[in-house]
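Novice: Here it is, the structure in full.
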Amino acid sequence: MTKQICLIFVLLIILFLLIFSLNFYFLNRLNNDQLNGKDHLKIDKPTYVQGLIRRSVNSLKPVYLNKNPRFYTIRNKLLKHLSPAHYDNVTVVWDIVHWWPDDNEIYPPNDATMGQLIQALKAEKIVSAKNSPKGTQLKLLLTLDGNQKVIFKPKWYERNAIIDGPVYSGKDRFNAEIFGFYLGSLLNMRWTPVAVGRKLNMKEIFDKADRPLRRTMTVNAVPNENRTEICVFGKCFYCKESEPVCGDENGYLEGVILQLIPGSFAKYRSPWQRTYKDNQKAEWEDNMNYCGSVKEKYTQTRLLDLVDASIFDFILQNGDRHHYETRNERIVLIDNGKGLGNSNYDFLDILAPLYQCCILRRSTWERLLVFSGGTLTELIDQISRMDDSYPLLTPGHYKAVNRRFLLIFSAVEFCFQKFGNVAVLK
């Protein structure tokens, strides 16, 4: 009798394990079917995937939330690399920098001249000034001592301004260019021009301006104040005389100096370009399988560059890269002024190349992991203390950058679950 009871008990345990295993199998199969695109009503819709990525942030692994021990070594190298440094001859600095670019890498990972370049861009005397009419935004073309030409973009908004509306709304934000330079350095995407904050004396600019630029400048007495105000509206696609930018009460105009990159560039329409119409979506905005057609037209190197650029743009929240430039067939990240518009919202569709194509450079992924646990903003704040435009960001923007970093981790995890790590990382 006892043997029979034991036999029945063993059979019940086997039956329980069998039922549990079958349930686990079917639940797992159902989940995999969704991730593999078999639930066409959901997974084929980018909005569904975006919601999944947002929700999955709450269950990220500790590796994404804690500081990476490798961070400290890389931090020390970057702080040394990006610190302003003394130089004896500015012409030598300009000459060295001219030979830096190699394909899309605008500057090398470690070169003592970088600190000298940053100092030269901050301090060298302005010899002449003129309009830079190309593009949609106001820019000045300045010549510094030693015959080095640079671009200056002015400050239009206070740092805590919130730019409502579509992701491409508003004028350029000068601090987004500086932040983009630091971000590219930290992520080892050294594809951006070197950018430093600088305040221009508007009287000096007026004196050094050529005739066409001076015609776009005004000098007016300020009522009830013993000073004059000098403004400039410039020449560009959206430049208007009714919308000038002016010096402050001390006659200075804050902005960013951008290094000019030597060489020729080709310009291409982005496959993830927006329609810029409220009532019309682009194909990629409504089709999760869109990347299949993109893969037929682009090399893997170009596609990986576009994925890297989407990560860079998402952190910066630059959703206005409707075209992209290449140097020697590799993408460069120039014109980053449309970033940092709204710290309260994350336009997740900027990441579409990542979560639609689900491929990523292994080196990019390893670099992202270095800055887990909020260390990216920690380091950028340290570096930007050496810039004349510090504080570069508001606490709200730093919080937003950390939030977006977690969303990137969540998007990559989505791809890992869908295809496996080996297939995603290239």
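For the structure tokens, the naming scheme is as follows: chains receive sequential letters (A, B, ...) according to their order of presentation, residues are indexed from 1 within each chain, and ligands are indexed from 1 in presentation order.
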Using backbone DSSP assignments, extract all alpha helix (DSSP H) residues from range 92-230 of chain A; output them as a VMD selection string.
Specialist: chain A and resid 92 to 98 113 to 123 174 to 186 202 to 208 211 to 214
Novice: Just the residues within 12 Å of Leu138 in chain A, please, counting only C-alpha atoms, with nothing from its chain fewer than 6 positions along; format it as JSON, numbers by chain.
Specialist: {"A": [130, 131, 132, 151, 152, 153, 154, 155, 156, 171, 172, 173, 174, 213, 216, 232, 233, 234, 235, 236, 237, 238, 239, 240, 241, 243, 244, 245, 255, 337]}
Novice: Neighbours of range 392-408 of chain A within 8 Å (only C-alpha atoms; same-chain residues fewer than 2 positions away dropped), as a list in words?
Specialist: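 The residues satisfying every condition are Ile53, Arg54, Val57, Tyr64, Arg159, Asn160, Asn175, Phe179, Ile311, Phe314, Ile315, Leu316, Leu340, Ser343, Asn344, Tyr345, Asp346, Leu351, Gly374, Leu376, Thr377, Asp381, Ser384, Ser389, Tyr390, Ser410, Ala411 and Val412 of chain A.
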Novice: Skip Asp286 in chain A itself and residues of its chain fewer than 3 positions away, then list as a CSV table (one decimal) with all heavy atoms, in the first residue's frame all residues within 10 Å of it, counting only C-alpha atoms.
Specialist:
```csv
chain,number,residue,atom,x,y,z
A,44,ASP,N,4.6,45.4,-35.7
A,44,ASP,CA,4.9,46.1,-36.9
A,44,ASP,C,4.7,47.6,-36.8
A,44,ASP,O,5.0,48.3,-37.7
A,44,ASP,CB,4.0,45.5,-38.0
A,44,ASP,CG,4.6,44.2,-38.6
A,44,ASP,OD1,5.6,43.8,-38.1
A,44,ASP,OD2,3.9,43.6,-39.5
A,45,LYS,N,4.1,48.0,-35.7
A,45,LYS,CA,3.9,49.4,-35.5
A,45,LYS,C,4.9,50.1,-34.6
A,45,LYS,O,5.2,49.7,-33.5
A,45,LYS,CB,2.5,49.6,-34.8
A,45,LYS,CG,1.3,49.2,-35.7
A,45,LYS,CD,1.2,50.1,-36.9
A,45,LYS,CE,0.0,49.7,-37.8
A,45,LYS,NZ,-0.1,50.6,-39.0
A,46,PRO,N,5.6,51.1,-35.1
A,46,PRO,CA,6.7,51.8,-34.3
A,46,PRO,C,6.2,52.3,-33.0
A,46,PRO,O,6.9,52.2,-32.0
A,46,PRO,CB,7.1,52.9,-35.3
A,46,PRO,CG,6.9,52.4,-36.7
A,46,PRO,CD,5.6,51.6,-36.5
A,47,THR,N,5.0,52.8,-33.0
A,47,THR,CA,4.4,53.3,-31.7
A,47,THR,C,4.4,52.2,-30.6
A,47,THR,O,4.6,52.5,-29.4
A,47,THR,CB,3.1,53.9,-31.9
A,47,THR,OG1,2.2,53.0,-32.6
A,47,THR,CG2,3.2,55.2,-32.7
A,281,LYS,N,2.8,61.4,-42.6
A,281,LYS,CA,3.9,60.7,-42.0
A,281,LYS,C,4.8,60.1,-43.1
A,281,LYS,O,4.4,59.7,-44.2
A,281,LYS,CB,3.4,59.5,-41.1
A,281,LYS,CG,2.9,60.0,-39.8
A,281,LYS,CD,2.5,58.8,-38.9
A,281,LYS,CE,2.1,59.2,-37.6
A,281,LYS,NZ,1.8,58.0,-36.7
A,282,ALA,N,6.1,60.0,-42.8
A,282,ALA,CA,7.0,59.3,-43.7
A,282,ALA,C,6.8,57.8,-43.5
A,282,ALA,O,6.3,57.3,-42.4
A,282,ALA,CB,8.5,59.7,-43.3
A,283,GLU,N,7.3,57.0,-44.4
A,283,GLU,CA,7.1,55.5,-44.3
A,283,GLU,C,7.7,54.9,-43.1
A,283,GLU,O,7.1,54.1,-42.4
A,283,GLU,CB,7.7,54.8,-45.6
A,283,GLU,CG,7.4,53.3,-45.6
A,283,GLU,CD,8.1,52.6,-46.7
A,283,GLU,OE1,8.6,53.3,-47.7
A,283,GLU,OE2,8.1,51.4,-46.7
A,289,ASN,N,9.2,47.5,-40.3
A,289,ASN,CA,10.0,46.7,-41.2
A,289,ASN,C,10.7,47.6,-42.3
A,289,ASN,O,11.2,47.0,-43.2
A,289,ASN,CB,9.1,45.6,-41.9
A,289,ASN,CG,8.5,44.7,-40.9
A,289,ASN,OD1,9.2,44.2,-40.0
A,289,ASN,ND2,7.2,44.4,-41.0
A,290,TYR,N,10.7,48.9,-42.1
A,290,TYR,CA,11.2,49.8,-43.0
A,290,TYR,C,12.7,49.5,-43.3
A,290,TYR,O,13.1,49.7,-44.5
A,290,TYR,CB,11.0,51.2,-42.5
A,290,TYR,CG,11.6,52.3,-43.3
A,290,TYR,CD1,11.1,52.7,-44.5
A,290,TYR,CD2,12.8,52.9,-42.9
A,290,TYR,CE1,11.7,53.7,-45.3
A,290,TYR,CE2,13.4,53.9,-43.7
A,290,TYR,CZ,12.8,54.3,-44.9
A,290,TYR,OH,13.4,55.3,-45.6
```
Novice: Using only C-alpha atoms, which of A:Ile350, A:Ile230, A:Ala161, A:Val92 sits nearest Gly247 in chain A?
Specialist: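 Looking at the shortest contact to Gly247 in chain A, the residue is A:Ile230.
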Novice: Please measure the separation of CA of Trp365 in chain A and CA of Asp111 in chain A, giving the value in Å to one decimal.
Specialist: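 Calculated distance between CA of Trp365 in chain A and CA of Asp111 in chain A is 24.3 Å.
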Novice: Pull the strand (DSSP E or B) assignments for range 177-305 of chain A out of DSSP run on the backbone, and list those residues as a PDB file with N, CA, C and O atoms, in the first residue's frame.
Specialist:
```pdb
ATOM      1  N   ALA A 195      34.188  72.575 -30.641  1.00  0.00           N
ATOM      2  CA  ALA A 195      33.303  73.705 -30.349  1.00  0.00           C
ATOM      3  C   ALA A 195      33.592  74.243 -28.953  1.00  0.00           C
ATOM      4  O   ALA A 195      33.688  73.471 -27.994  1.00  0.00           O
ATOM      5  N   VAL A 196      33.726  75.553 -28.844  1.00  0.00           N
ATOM      6  CA  VAL A 196      33.967  76.182 -27.538  1.00  0.00           C
ATOM      7  C   VAL A 196      33.074  77.408 -27.397  1.00  0.00           C
ATOM      8  O   VAL A 196      32.743  78.076 -28.375  1.00  0.00           O
ATOM      9  N   GLY A 197      32.685  77.687 -26.168  1.00  0.00           N
ATOM     10  CA  GLY A 197      31.894  78.880 -25.898  1.00  0.00           C
ATOM     11  C   GLY A 197      32.771  80.129 -25.929  1.00  0.00           C
ATOM     12  O   GLY A 197      33.932  80.094 -25.506  1.00  0.00           O
ATOM     13  N   ARG A 198      32.210  81.226 -26.454  1.00  0.00           N
ATOM     14  CA  ARG A 198      32.959  82.482 -26.490  1.00  0.00           C
ATOM     15  C   ARG A 198      31.990  83.652 -26.553  1.00  0.00           C
ATOM     16  O   ARG A 198      30.936  83.560 -27.190  1.00  0.00           O
ATOM     17  N   LYS A 199      32.341  84.749 -25.893  1.00  0.00           N
ATOM     18  CA  LYS A 199      31.542  85.968 -25.940  1.00  0.00           C
ATOM     19  C   LYS A 199      32.247  86.997 -26.819  1.00  0.00           C
ATOM     20  O   LYS A 199      33.412  87.323 -26.594  1.00  0.00           O
ATOM     21  N   LEU A 200      31.529  87.466 -27.819  1.00  0.00           N
ATOM     22  CA  LEU A 200      32.097  88.444 -28.746  1.00  0.00           C
ATOM     23  C   LEU A 200      31.755  89.862 -28.315  1.00  0.00           C
ATOM     24  O   LEU A 200      30.613  90.149 -27.923  1.00  0.00           O
ATOM     25  N   ASN A 201      32.747  90.742 -28.388  1.00  0.00           N
ATOM     26  CA  ASN A 201      32.511  92.166 -28.184  1.00  0.00           C
ATOM     27  C   ASN A 201      31.884  92.704 -29.472  1.00  0.00           C
ATOM     28  O   ASN A 201      32.532  92.738 -30.524  1.00  0.00           O
ATOM     29  N   ALA A 209      33.873  94.104 -39.256  1.00  0.00           N
ATOM     30  CA  ALA A 209      32.942  93.540 -40.239  1.00  0.00           C
ATOM     31  C   ALA A 209      33.203  94.098 -41.633  1.00  0.00           C
ATOM     32  O   ALA A 209      33.565  95.268 -41.805  1.00  0.00           O
ATOM     33  N   MET A 217      23.779  94.958 -39.629  1.00  0.00           N
ATOM     34  CA  MET A 217      23.967  95.291 -38.220  1.00  0.00           C
ATOM     35  C   MET A 217      23.337  96.652 -37.928  1.00  0.00           C
ATOM     36  O   MET A 217      23.264  97.517 -38.810  1.00  0.00           O
ATOM     37  N   THR A 218      22.890  96.836 -36.700  1.00  0.00           N
ATOM     38  CA  THR A 218      22.303  98.113 -36.277  1.00  0.00           C
ATOM     39  C   THR A 218      22.971  98.578 -34.990  1.00  0.00           C
ATOM     40  O   THR A 218      23.362  97.755 -34.146  1.00  0.00           O
ATOM     41  N   VAL A 219      23.106  99.893 -34.866  1.00  0.00           N
ATOM     42  CA  VAL A 219      23.667 100.501 -33.654  1.00  0.00           C
ATOM     43  C   VAL A 219      22.653 101.515 -33.153  1.00  0.00           C
ATOM     44  O   VAL A 219      22.352 102.504 -33.835  1.00  0.00           O
ATOM     45  N   ASN A 220      22.097 101.270 -31.967  1.00  0.00           N
ATOM     46  CA  ASN A 220      21.039 102.117 -31.435  1.00  0.00           C
ATOM     47  C   ASN A 220      21.341 102.513 -29.999  1.00  0.00           C
ATOM     48  O   ASN A 220      21.877 101.712 -29.216  1.00  0.00           O
ATOM     49  N   ALA A 221      20.994 103.748 -29.671  1.00  0.00           N
ATOM     50  CA  ALA A 221      21.114 104.198 -28.285  1.00  0.00           C
ATOM     51  C   ALA A 221      20.005 103.555 -27.459  1.00  0.00           C
ATOM     52  O   ALA A 221      18.859 103.466 -27.897  1.00  0.00           O
ATOM     53  N   THR A 228      25.121 102.144 -26.065  1.00  0.00           N
ATOM     54  CA  THR A 228      24.502 101.793 -27.346  1.00  0.00           C
ATOM     55  C   THR A 228      24.372 100.277 -27.442  1.00  0.00           C
ATOM     56  O   THR A 228      25.146  99.531 -26.818  1.00  0.00           O
ATOM     57  N   GLU A 229      23.396  99.854 -28.197  1.00  0.00           N
ATOM     58  CA  GLU A 229      23.159  98.424 -28.389  1.00  0.00           C
ATOM     59  C   GLU A 229      23.452  98.074 -29.844  1.00  0.00           C
ATOM     60  O   GLU A 229      22.914  98.691 -30.754  1.00  0.00           O
ATOM     61  N   ILE A 230      24.323  97.090 -30.043  1.00  0.00           N
ATOM     62  CA  ILE A 230      24.675  96.654 -31.395  1.00  0.00           C
ATOM     63  C   ILE A 230      24.043  95.286 -31.639  1.00  0.00           C
ATOM     64  O   ILE A 230      24.196  94.369 -30.838  1.00  0.00           O
ATOM     65  N   CYS A 231      23.312  95.190 -32.729  1.00  0.00           N
ATOM     66  CA  CYS A 231      22.591  93.962 -33.074  1.00  0.00           C
ATOM     67  C   CYS A 231      22.983  93.517 -34.481  1.00  0.00           C
ATOM     68  O   CYS A 231      23.503  94.309 -35.279  1.00  0.00           O
ATOM     69  N   VAL A 232      22.686  92.253 -34.786  1.00  0.00           N
ATOM     70  CA  VAL A 232      22.951  91.729 -36.122  1.00  0.00           C
ATOM     71  C   VAL A 232      21.828  90.765 -36.498  1.00  0.00           C
ATOM     72  O   VAL A 232      21.385  89.967 -35.677  1.00  0.00           O
ATOM     73  N   VAL A 245      19.776  89.516 -33.280  1.00  0.00           N
ATOM     74  CA  VAL A 245      20.308  89.116 -31.990  1.00  0.00           C
ATOM     75  C   VAL A 245      21.255  90.222 -31.556  1.00  0.00           C
ATOM     76  O   VAL A 245      21.990  90.791 -32.372  1.00  0.00           O
ATOM     77  N   CYS A 246      21.217  90.572 -30.260  1.00  0.00           N
ATOM     78  CA  CYS A 246      21.918  91.768 -29.780  1.00  0.00           C
ATOM     79  C   CYS A 246      22.884  91.433 -28.643  1.00  0.00           C
ATOM     80  O   CYS A 246      22.735  90.414 -27.954  1.00  0.00           O
ATOM     81  N   TYR A 252      28.348  92.427 -25.068  1.00  0.00           N
ATOM     82  CA  TYR A 252      28.874  91.131 -25.494  1.00  0.00           C
ATOM     83  C   TYR A 252      27.756  90.197 -25.959  1.00  0.00           C
ATOM     84  O   TYR A 252      26.661  90.200 -25.390  1.00  0.00           O
ATOM     85  N   LEU A 253      28.059  89.411 -26.981  1.00  0.00           N
ATOM     86  CA  LEU A 253      27.128  88.426 -27.499  1.00  0.00           C
ATOM     87  C   LEU A 253      27.715  87.037 -27.266  1.00  0.00           C
ATOM     88  O   LEU A 253      28.780  86.696 -27.779  1.00  0.00           O
ATOM     89  N   GLU A 254      26.998  86.229 -26.478  1.00  0.00           N
ATOM     90  CA  GLU A 254      27.467  84.875 -26.182  1.00  0.00           C
ATOM     91  C   GLU A 254      27.135  83.940 -27.341  1.00  0.00           C
ATOM     92  O   GLU A 254      26.134  84.105 -28.028  1.00  0.00           O
ATOM     93  N   GLY A 255      27.992  82.946 -27.538  1.00  0.00           N
ATOM     94  CA  GLY A 255      27.742  81.980 -28.602  1.00  0.00           C
ATOM     95  C   GLY A 255      28.799  80.899 -28.608  1.00  0.00           C
ATOM     96  O   GLY A 255      29.501  80.672 -27.620  1.00  0.00           O
ATOM     97  N   VAL A 256      28.909  80.212 -29.741  1.00  0.00           N
ATOM     98  CA  VAL A 256      29.850  79.111 -29.873  1.00  0.00           C
ATOM     99  C   VAL A 256      30.749  79.342 -31.081  1.00  0.00           C
ATOM    100  O   VAL A 256      30.299  79.782 -32.134  1.00  0.00           O
ATOM    101  N   ILE A 257      32.032  79.063 -30.889  1.00  0.00           N
ATOM    102  CA  ILE A 257      33.002  79.065 -31.986  1.00  0.00           C
ATOM    103  C   ILE A 257      33.173  77.624 -32.453  1.00  0.00           C
ATOM    104  O   ILE A 257      33.434  76.715 -31.651  1.00  0.00           O
ATOM    105  N   LEU A 258      33.021  77.398 -33.762  1.00  0.00           N
ATOM    106  CA  LEU A 258      33.138  76.064 -34.337  1.00  0.00           C
ATOM    107  C   LEU A 258      34.327  76.011 -35.288  1.00  0.00           C
ATOM    108  O   LEU A 258      34.457  76.852 -36.183  1.00  0.00           O
ATOM    109  N   GLN A 259      35.164  75.016 -35.079  1.00  0.00           N
ATOM    110  CA  GLN A 259      36.296  74.800 -35.968  1.00  0.00           C
ATOM    111  C   GLN A 259      35.777  74.444 -37.368  1.00  0.00           C
ATOM    112  O   GLN A 259      34.838  73.661 -37.520  1.00  0.00           O
ATOM    113  N   ALA A 266      30.097  65.531 -49.098  1.00  0.00           N
ATOM    114  CA  ALA A 266      28.938  65.178 -49.925  1.00  0.00           C
ATOM    115  C   ALA A 266      27.707  65.186 -49.026  1.00  0.00           C
ATOM    116  O   ALA A 266      27.796  64.889 -47.834  1.00  0.00           O
ATOM    117  N   LYS A 267      26.566  65.533 -49.605  1.00  0.00           N
ATOM    118  CA  LYS A 267      25.338  65.646 -48.833  1.00  0.00           C
ATOM    119  C   LYS A 267      24.297  64.673 -49.380  1.00  0.00           C
ATOM    120  O   LYS A 267      24.094  64.586 -50.586  1.00  0.00           O
ATOM    121  N   TYR A 268      23.638  63.942 -48.464  1.00  0.00           N
ATOM    122  CA  TYR A 268      22.653  62.941 -48.852  1.00  0.00           C
ATOM    123  C   TYR A 268      21.374  63.112 -48.037  1.00  0.00           C
ATOM    124  O   TYR A 268      21.409  63.531 -46.868  1.00  0.00           O
ATOM    125  N   ARG A 269      20.281  62.755 -48.653  1.00  0.00           N
ATOM    126  CA  ARG A 269      18.997  62.746 -47.947  1.00  0.00           C
ATOM    127  C   ARG A 269      18.983  61.580 -46.972  1.00  0.00           C
ATOM    128  O   ARG A 269      19.319  60.450 -47.321  1.00  0.00           O
ATOM    129  N   LYS A 277       5.444  67.748 -42.154  1.00  0.00           N
ATOM    130  CA  LYS A 277       4.032  68.072 -42.337  1.00  0.00           C
ATOM    131  C   LYS A 277       3.230  67.388 -41.243  1.00  0.00           C
ATOM    132  O   LYS A 277       3.382  66.189 -41.009  1.00  0.00           O
ATOM    133  N   GLN A 280       1.012  64.333 -42.454  1.00  0.00           N
ATOM    134  CA  GLN A 280       1.616  63.344 -43.350  1.00  0.00           C
ATOM    135  C   GLN A 280       2.831  62.715 -42.686  1.00  0.00           C
ATOM    136  O   GLN A 280       3.750  63.410 -42.261  1.00  0.00           O
TER     137      GLN A 280
END
```
Novice: Provide the CA of Asn336 in chain A to CA of Ala123 in chain A distance in Å, to one decimal place.
Specialist: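 According to the coordinates, CA of Asn336 in chain A and CA of Ala123 in chain A are separated by 23.1 Å.
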Novice: Could you work out how far CA of Tyr107 in chain A lies from CA of Ser264 in chain A, giving the answer in Å with one decimal?
Specialist: 16.1 Å
Novice: Return the single residue from A:Lys125, A:Lys67, A:Lys61, A:Arg361 that is closest to Val90 in chain A, with distances computed using only C-alpha atoms.
Specialist: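 Among the listed residues, A:Lys125 lies closest to Val90 in chain A.
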Novice: Need to verify the contact set: Pro101 in chain A, 9 Å, only C-alpha atoms, exclusion of same-chain residues closer than 5 positions in sequence. Can you return it as a PyMOL selection string?
Specialist: chain A and resi 106-108+261-263
Novice: Looking at only C-alpha atoms, which of A:Asn110, A:Met288, A:Asn104, A:Pro353 is the one that sits closest to Glu329 in chain A?
Specialist: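 Checking each candidate against Glu329 in chain A, we get A:Asn104 as the closest.
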Novice: Might you pull out every residue within 9 Å of range 331-333 of chain A, with only C-alpha atoms counted and same-chain residues fewer than 2 positions away left off, and present them as a list in words?
Specialist: Asp103, Asn104, Glu105, Ile106, Gly180, Gly184, Met189, Arg190, Trp191, Thr192, Pro193, Phe265, Arg302, Asp305, Leu306, Ala309, Phe312, Tyr324, Glu325, Thr326, Arg327, Asn328, Glu329, Asp335 and Asn336 of chain A
